[in-house]
Amino acid sequence: MDEGQRAFSERLAKLNRRQRSLSGGYVLKVKDDGLLVAAPARGRTGSFFQPRLAVFLLVFLWAFKGMLIAALGPGYSQSVDRLAGGTPVERAGAVVMYPDPLAQWIAGRIKTTLEQMPV
């Protein structure tokens, strides 16, 4: 293979690599001289599951349960018991909303904080 053919093949391979890198999406950027250049978009990489989101949802769920327990008091357990006797969806909600020790501890902290606040 002569030198011209080798250089052409290298340029072609470089263009193919560039096209593959831009196939997942791209962002147009303006260089200092005004030239528009396509750069690969940095999107979500990896799996759909994101640990940070899962932790945030769990913390929110426990805080929400704690606020409900603090607000409803003994009526909260009665509401969960009523859910436990309902449809399958309501029973699943009762399992999730069962007053666990962490939610009860959070409820206790919320109650004491609210009692200490000046009105």
# chains A, B, ... in the order shown; residues from 1 in each chain; ligands from 1

call {"tool": "residues_around", "arguments": {"residues": "segment 105-117 of chain A", "least_positions_apart": "3", "cutoff": "8 Å", "atoms": "only C-alpha atoms", "output": "number ranges by chain"}}
result
A: 62-63, 65-70, 101-102

call {"tool": "residues_around", "arguments": {"residues": "Val95 of chain A", "least_positions_apart": "2", "cutoff": "9 Å", "atoms": "only C-alpha atoms", "output": "mmCIF file with C-alpha atoms, in the first residue's frame"}}
result
data_model
loop_
_atom_site.group_PDB
_atom_site.id
_atom_site.type_symbol
_atom_site.label_atom_id
_atom_site.label_comp_id
_atom_site.auth_asym_id
_atom_site.auth_seq_id
_atom_site.Cartn_x
_atom_site.Cartn_y
_atom_site.Cartn_z
ATOM 1 C CA VAL A 80 -52.242 1.566 58.499
ATOM 2 C CA LEU A 83 -54.970 -0.232 54.746
ATOM 3 C CA ALA A 84 -53.770 -3.728 55.642
ATOM 4 C CA GLU A 90 -53.606 -0.874 49.850
ATOM 5 C CA ARG A 91 -51.920 -3.845 51.544
ATOM 6 C CA ALA A 92 -48.656 -2.997 49.735
ATOM 7 C CA GLY A 93 -49.036 0.587 50.968
ATOM 8 C CA MET A 97 -46.081 2.707 55.666
ATOM 9 C CA TYR A 98 -45.805 0.374 58.682
#

call {"tool": "select_by_dssp", "arguments": {"residues": "chain A", "states": "helix (DSSP H, G or I)", "output": "PyMOL selection string"}}
result
chain A and resi 3-22+51-72+74-84+88-97+101-116

call {"tool": "closest_residue", "arguments": {"among": "A:Phe64, A:Gly24, A:Pro118, A:Ala71", "to": "Val96 of chain A", "atoms": "only C-alpha atoms"}}
result
A:Phe64

call {"tool": "select_by_dssp", "arguments": {"residues": "chain A", "states": "strand (DSSP E or B)", "output": "PyMOL selection string"}}
result
chain A and resi 26-30+36-40

call {"tool": "closest_residue", "arguments": {"among": "A:Val30, A:Ser21, A:Gln5, A:Ala54", "to": "Arg42 of chain A", "atoms": "only C-alpha atoms"}}
result
A:Ser21

call {"tool": "closest_residue", "arguments": {"among": "A:Arg17, A:Arg82, A:Arg52, A:Arg6", "to": "Ala94 of chain A", "atoms": "only C-alpha atoms"}}
result
A:Arg82

call {"tool": "atom_distance", "arguments": {"atom1": "atom CA of Arg11 of chain A", "atom2": "atom CA of Pro40 of chain A"}}
result
19.2 Å

call {"tool": "atom_distance", "arguments": {"atom1": "atom CA of Arg18 of chain A", "atom2": "atom CA of Gly4 of chain A"}}
result
21.2 Å

call {"tool": "decode", "arguments": {"residues": "segment 51-78 of chain A", "atoms": "N, CA and C atoms", "output": "compact mmCIF listing (two decimals), in the first residue's frame"}}
result
# COMPACT_ATOMS: atom_id res chain seq x y z
N PRO A 51 -27.81 5.16 42.74
CA PRO A 51 -27.80 4.99 44.19
C PRO A 51 -28.16 6.27 44.95
N ARG A 52 -27.72 7.41 44.47
CA ARG A 52 -28.02 8.67 45.16
C ARG A 52 -29.52 8.92 45.20
N LEU A 53 -30.20 8.64 44.10
CA LEU A 53 -31.65 8.81 44.04
C LEU A 53 -32.35 7.84 44.98
N ALA A 54 -31.88 6.60 45.03
CA ALA A 54 -32.48 5.60 45.92
C ALA A 54 -32.34 6.02 47.37
N VAL A 55 -31.18 6.51 47.75
CA VAL A 55 -30.97 6.96 49.13
C VAL A 55 -31.86 8.16 49.44
N PHE A 56 -31.96 9.09 48.50
CA PHE A 56 -32.81 10.26 48.70
C PHE A 56 -34.27 9.83 48.89
N LEU A 57 -34.75 8.90 48.08
CA LEU A 57 -36.13 8.44 48.21
C LEU A 57 -36.38 7.75 49.55
N LEU A 58 -35.42 6.94 50.00
CA LEU A 58 -35.58 6.28 51.31
C LEU A 58 -35.61 7.30 52.44
N VAL A 59 -34.72 8.28 52.40
CA VAL A 59 -34.70 9.31 53.44
C VAL A 59 -36.01 10.10 53.42
N PHE A 60 -36.49 10.42 52.23
CA PHE A 60 -37.75 11.15 52.12
C PHE A 60 -38.90 10.32 52.66
N LEU A 61 -38.92 9.02 52.35
CA LEU A 61 -40.00 8.15 52.84
C LEU A 61 -40.00 8.09 54.35
N TRP A 62 -38.84 7.91 54.95
CA TRP A 62 -38.79 7.85 56.42
C TRP A 62 -39.16 9.19 57.05
N ALA A 63 -38.72 10.28 56.46
CA ALA A 63 -39.10 11.59 57.00
C ALA A 63 -40.60 11.81 56.87
N PHE A 64 -41.17 11.40 55.75
CA PHE A 64 -42.61 11.54 55.54
C PHE A 64 -43.38 10.69 56.55
N LYS A 65 -42.94 9.46 56.74
CA LYS A 65 -43.59 8.59 57.73
C LYS A 65 -43.48 9.20 59.13
N GLY A 66 -42.32 9.74 59.44
CA GLY A 66 -42.13 10.36 60.76
C GLY A 66 -43.05 11.55 60.95
N MET A 67 -43.21 12.36 59.90
CA MET A 67 -44.11 13.51 60.01
C MET A 67 -45.56 13.05 60.17
N LEU A 68 -45.95 12.02 59.45
CA LEU A 68 -47.32 11.51 59.59
C LEU A 68 -47.55 10.94 60.99
N ILE A 69 -46.61 10.19 61.50
CA ILE A 69 -46.75 9.62 62.85
C ILE A 69 -46.83 10.74 63.87
N ALA A 70 -46.00 11.77 63.70
CA ALA A 70 -46.02 12.89 64.65
C ALA A 70 -47.33 13.65 64.57
N ALA A 71 -47.87 13.81 63.37
CA ALA A 71 -49.10 14.59 63.20
C ALA A 71 -50.34 13.81 63.62
N LEU A 72 -50.41 12.53 63.28
CA LEU A 72 -51.61 11.75 63.53
C LEU A 72 -51.61 11.04 64.88
N GLY A 73 -50.44 10.82 65.42
CA GLY A 73 -50.36 10.13 66.71
C GLY A 73 -50.86 8.71 66.62
N PRO A 74 -51.70 8.28 67.58
CA PRO A 74 -52.19 6.89 67.57
C PRO A 74 -53.08 6.59 66.36
N GLY A 75 -53.67 7.60 65.76
CA GLY A 75 -54.52 7.39 64.59
C GLY A 75 -53.74 6.87 63.39
N TYR A 76 -52.42 7.05 63.39
CA TYR A 76 -51.61 6.57 62.28
C TYR A 76 -51.65 5.05 62.20
N SER A 77 -51.47 4.39 63.33
CA SER A 77 -51.49 2.93 63.34
C SER A 77 -52.85 2.40 62.91
N GLN A 78 -53.91 3.08 63.32
CA GLN A 78 -55.26 2.66 62.92
C GLN A 78 -55.42 2.80 61.40
